[in-house]
Amino acid sequence: MLIQNPPDIASSEITDEHAYLNRRQFVRGVTGTALGVVAAGLVPGTVAEAGDVGQQEIQNVKPGPFRTDEPQNSFEDITSYNNYYEFGLDKRDPSRNAHTLTTSPWTIQVDGHVAKPADYHIEDLLKGIAFEERVYRLRCVEAWSMVVPWVGFPLSTLIKRFGPTSGAKYVEFTTVLRPSEMPGVRRPVLDWPYVEGLRMDEAMHPLTILAVGLYGKTLLNQNGAPVRLVVPWKYGFKSVKSIVRMRFTSEQPRTAWNKATPNEYGFYANVNPTVDHPRWSQRSERRIGRFFRQATLMFNGYDDQVASLYNGMDLRRFY
Amino acid sequence: MRRGSLKWPVFVGCVLPVLWLIGRGITGDLGANPIEEITHETGIWTFRFLLGTLAITPLCALTAWSRLMSVRRMVGLFAFFYACLHFSTYLVLDWFFDFEAIIDDVVNRRYITAGFIGFAMLIPLALTSTHAMLRRLGSRRWQQLHRLVYVSAIAGAAHFLWQEKADLQRPGIYIGCLALLLGIRVWQRARSRWRTRVSG
Ligand code: HEM
């Protein structure tokens, strides 16, 4: 049940002046759309630290399938070590710069080969969605990895609502592009906006989710607020952040990294220890927080679930 | 050392980057992936010290500040020192003596091959940096040998450029500085050759 009244706030949860000042930015953005936010079931919770600006508890999160029992990376690590080039190239830049992004109001343009193309308000899209916690491994193409407790829901739930027509063979996702709020896009490091894509069967796969939170709270901007893709058997760059458009296409989308360096980043980008990146080996990875490298697993350890998607395909050619 | 010598202040300046890095390590300021951060910091300082070493001779020639010459060897040895830290980070922290993987890297990844060449070229220079070695080799041969520093710097530049994923601006700026320092030398050589031809 997602449409609900905010619970009574215990006095212990009332934040002090200091925290309030830090939350001001968030509060300003949210008050205007408070009703919509409540409708989406995202009830403001307490703010434990100043660093958690703008985070809200997500209510009624059920444990989801495909959960890994490996130790989860800390909230600190997950929110301070990010590749989100729109906010800078250094891994710490997004955590420093991304707070400028306005994530409310937020609409997602849905177009292409679908029965119901429209600009959807995020609150409307999230209405009636059952949120699950999905604890997934995340393997970056740069040979590091993390374990992240995402909060989200299968992408297929939304796609079914949009009603893709027979022409829809791929889904193309676009990240928000807002130069006034994104210092990193001043330079043409990539061909902005950031575009990614999936084949339809990949997009409909039960492992593929849209995430709206992690560790039980709404996403921070550096992790792709308000909504991002998570495709755990592919390198992290496939999992686009802050999605503003989903286009259903008959042709394979031209994705940002593939355009920039086609011989290094393919469209599929499945985690594969036997196909090296031209400049480094993909056989092993460093799990953030650990000293020793560990072996990288085929499809990031999700081969039982996804290997059949690629039957008969030469994964060396379609990297 | 003489009073008023440049050596102490320059020495202190040269150890500051590594002290700073250690300080960041102790206070937990190296981020979620400290090994990557140490690799990058020691790498960029190696390159900066190579640039510093190569800047001294032209600076002395162009300005009246010939005292700088007295610290050239030290700055060069610090370039080697940072290169050793950089390489040790790779060998120990990054790969923990996984020689199979390291050999694969050195052979198959051009940016590692280039870095490796850059580092290897510095070893004979460090070994022959003493006055005794200079005397043993004779000044001419010693100077010829020490031209390897150019090979090292160029290999280091290729390594820097090739390890970059998307943003070529940062390596571009550094490599531009190197090109300037090498260009000055080419220009001076050409000029002096032309002069000797004219006067001779
Ligand atoms: C003259 C010798 C060398 C110089 C001048 C040099 C310089 C650099 C520089 C400037 C960087 C980039 C740092 C940054 O982005 O802040 C770097 C990165 C790196 N270097 Fe070196 N390096 C040298 C030798 C080596 C050697 C011998 C190895 C290992 C065999 C090595 C391994 C690496 C690695 C693994 C990186 C990180 C690449 C990445 O993050 O993708 N370097 N180096």
# chains A, B, ... in the order shown; residues from 1 in each chain; ligands from 1
>>> residues_near_ligand(ligand="ligand 1", cutoff="7 Å", atoms="only C-alpha atoms and all ligand atoms", output="list in words")
Glu36, Thr39, His40, Glu41, Gly43, Ile44, Thr46, Phe47, Ala83, His86, Phe87, Tyr90, Val106, Ile112, Gly115, Phe116, Ile117, Gly118, Phe119, Ser152, Ala153, Ala155, Gly156, Ala157, His159, Phe160, Gln163 and Glu164 of chain B
>>> interface_residues(of="chain B", to="chain A", cutoff="7 Å", atoms="only C-alpha atoms", output="number ranges by chain")
B: 32-33, 109, 166-167
>>> write_last_selection(atoms="C-alpha atoms", output="PDB file, in the first residue's frame")
ATOM      1  CA  ALA B  32      36.916   4.510  -0.859  1.00  0.00           C
ATOM      2  CA  ASN B  33      39.723   3.147  -3.052  1.00  0.00           C
ATOM      3  CA  ARG B 109      48.831  -3.137 -22.230  1.00  0.00           C
ATOM      4  CA  ALA B 166      38.148  10.157 -21.582  1.00  0.00           C
ATOM      5  CA  ASP B 167      39.632  13.446 -20.527  1.00  0.00           C
TER       6      ASP B 167
END
>>> residues_around(residues="region 298-305 of chain A", least_positions_apart="6", cutoff="6 Å", atoms="only C-alpha atoms", output="list in words")
Trp233, Asn270, Val271 and Asn272 of chain A
>>> write_last_selection(atoms="all heavy atoms", output="compact mmCIF listing (two decimals), in the first residue's frame")
# COMPACT_ATOMS: atom_id res chain seq x y z
N TRP A 233 24.42 -7.64 -14.29
CA TRP A 233 25.36 -8.52 -14.99
C TRP A 233 26.18 -7.76 -16.03
O TRP A 233 26.97 -8.33 -16.74
CB TRP A 233 24.63 -9.71 -15.62
CG TRP A 233 23.80 -9.42 -16.83
CD1 TRP A 233 24.21 -9.49 -18.13
CD2 TRP A 233 22.42 -9.03 -16.87
NE1 TRP A 233 23.17 -9.17 -18.98
CE2 TRP A 233 22.05 -8.89 -18.24
CE3 TRP A 233 21.45 -8.80 -15.90
CZ2 TRP A 233 20.77 -8.52 -18.64
CZ3 TRP A 233 20.17 -8.44 -16.30
CH2 TRP A 233 19.84 -8.30 -17.64
N ASN A 270 28.64 -6.88 -21.20
CA ASN A 270 28.41 -7.89 -20.16
C ASN A 270 29.71 -8.13 -19.40
O ASN A 270 30.78 -8.19 -20.00
CB ASN A 270 27.97 -9.21 -20.80
CG ASN A 270 26.59 -9.11 -21.42
OD1 ASN A 270 25.69 -8.51 -20.83
ND2 ASN A 270 26.43 -9.66 -22.61
N VAL A 271 29.62 -8.27 -18.09
CA VAL A 271 30.81 -8.57 -17.30
C VAL A 271 31.36 -9.91 -17.78
O VAL A 271 30.63 -10.91 -17.82
CB VAL A 271 30.47 -8.62 -15.79
CG1 VAL A 271 31.70 -9.04 -14.99
CG2 VAL A 271 29.95 -7.28 -15.31
N ASN A 272 32.61 -9.90 -18.20
CA ASN A 272 33.17 -11.11 -18.80
C ASN A 272 34.68 -11.16 -18.54
O ASN A 272 35.45 -10.43 -19.16
CB ASN A 272 32.88 -11.11 -20.31
CG ASN A 272 33.30 -12.40 -20.97
OD1 ASN A 272 34.07 -13.19 -20.42
ND2 ASN A 272 32.79 -12.63 -22.17
>>> select_by_dssp(residues="region 98-198 of chain A", states="strand (DSSP E or B)", output="count of residues only")
41
>>> atom_distance(atom1="CA of Lys217 (chain A)", atom2="CA of Val151 (chain A)")
7.8 Å
>>> select_by_dssp(residues="region 1-81 of chain B", states="alpha helix (DSSP H)", output="MDAnalysis selection string")
chainID B and resid 7:26 34:62 72:81
>>> atom_distance(atom1="CA of Glu172 (chain A)", atom2="CA of Pro65 (chain A)")
25.6 Å
>>> residues_around(residues="Gly152 (chain A)", least_positions_apart="3", cutoff="8 Å", atoms="only C-alpha atoms", output="PyMOL selection string")
chain A and resi 131-134+209-213
>>> closest_residue(among="A:Glu86, A:Asp124, A:Asp314, A:Glu70", to="Arg178 (chain A)", atoms="only C-alpha atoms")
A:Glu86
>>> residues_around(residues="Leu50 (chain B)", least_positions_apart="4", cutoff="9 Å", atoms="only C-alpha atoms", output="list in words")
Trp45, Thr46, Leu54, Ala55, Val75, Gly76, Phe78, Ala79, Phe80, Val149, Ser152, Ala153 and Leu178 of chain B
>>> residues_around(residues="region 219-221 of chain A", least_positions_apart="4", cutoff="7 Å", atoms="only C-alpha atoms", output="PyMOL selection string")
chain A and resi 55+98-99+101+212-214+225-226
>>> atom_distance(atom1="CA of Ala168 (chain A)", atom2="CA of Val231 (chain A)")
19.3 Å
>>> residues_around(residues="Leu148 (chain B)", least_positions_apart="2", cutoff="9 Å", atoms="only C-alpha atoms", output="list in words")
Met121, Leu122, Pro124, Leu125, Gln144, Leu145, His146, Tyr150, Val151, Ser152 and Ala153 of chain B
>>> closest_residue(among="A:Gln294, A:Gly184, A:Ile122, A:Gly112", to="Asp90 (chain A)", atoms="only C-alpha atoms")
A:Gly184
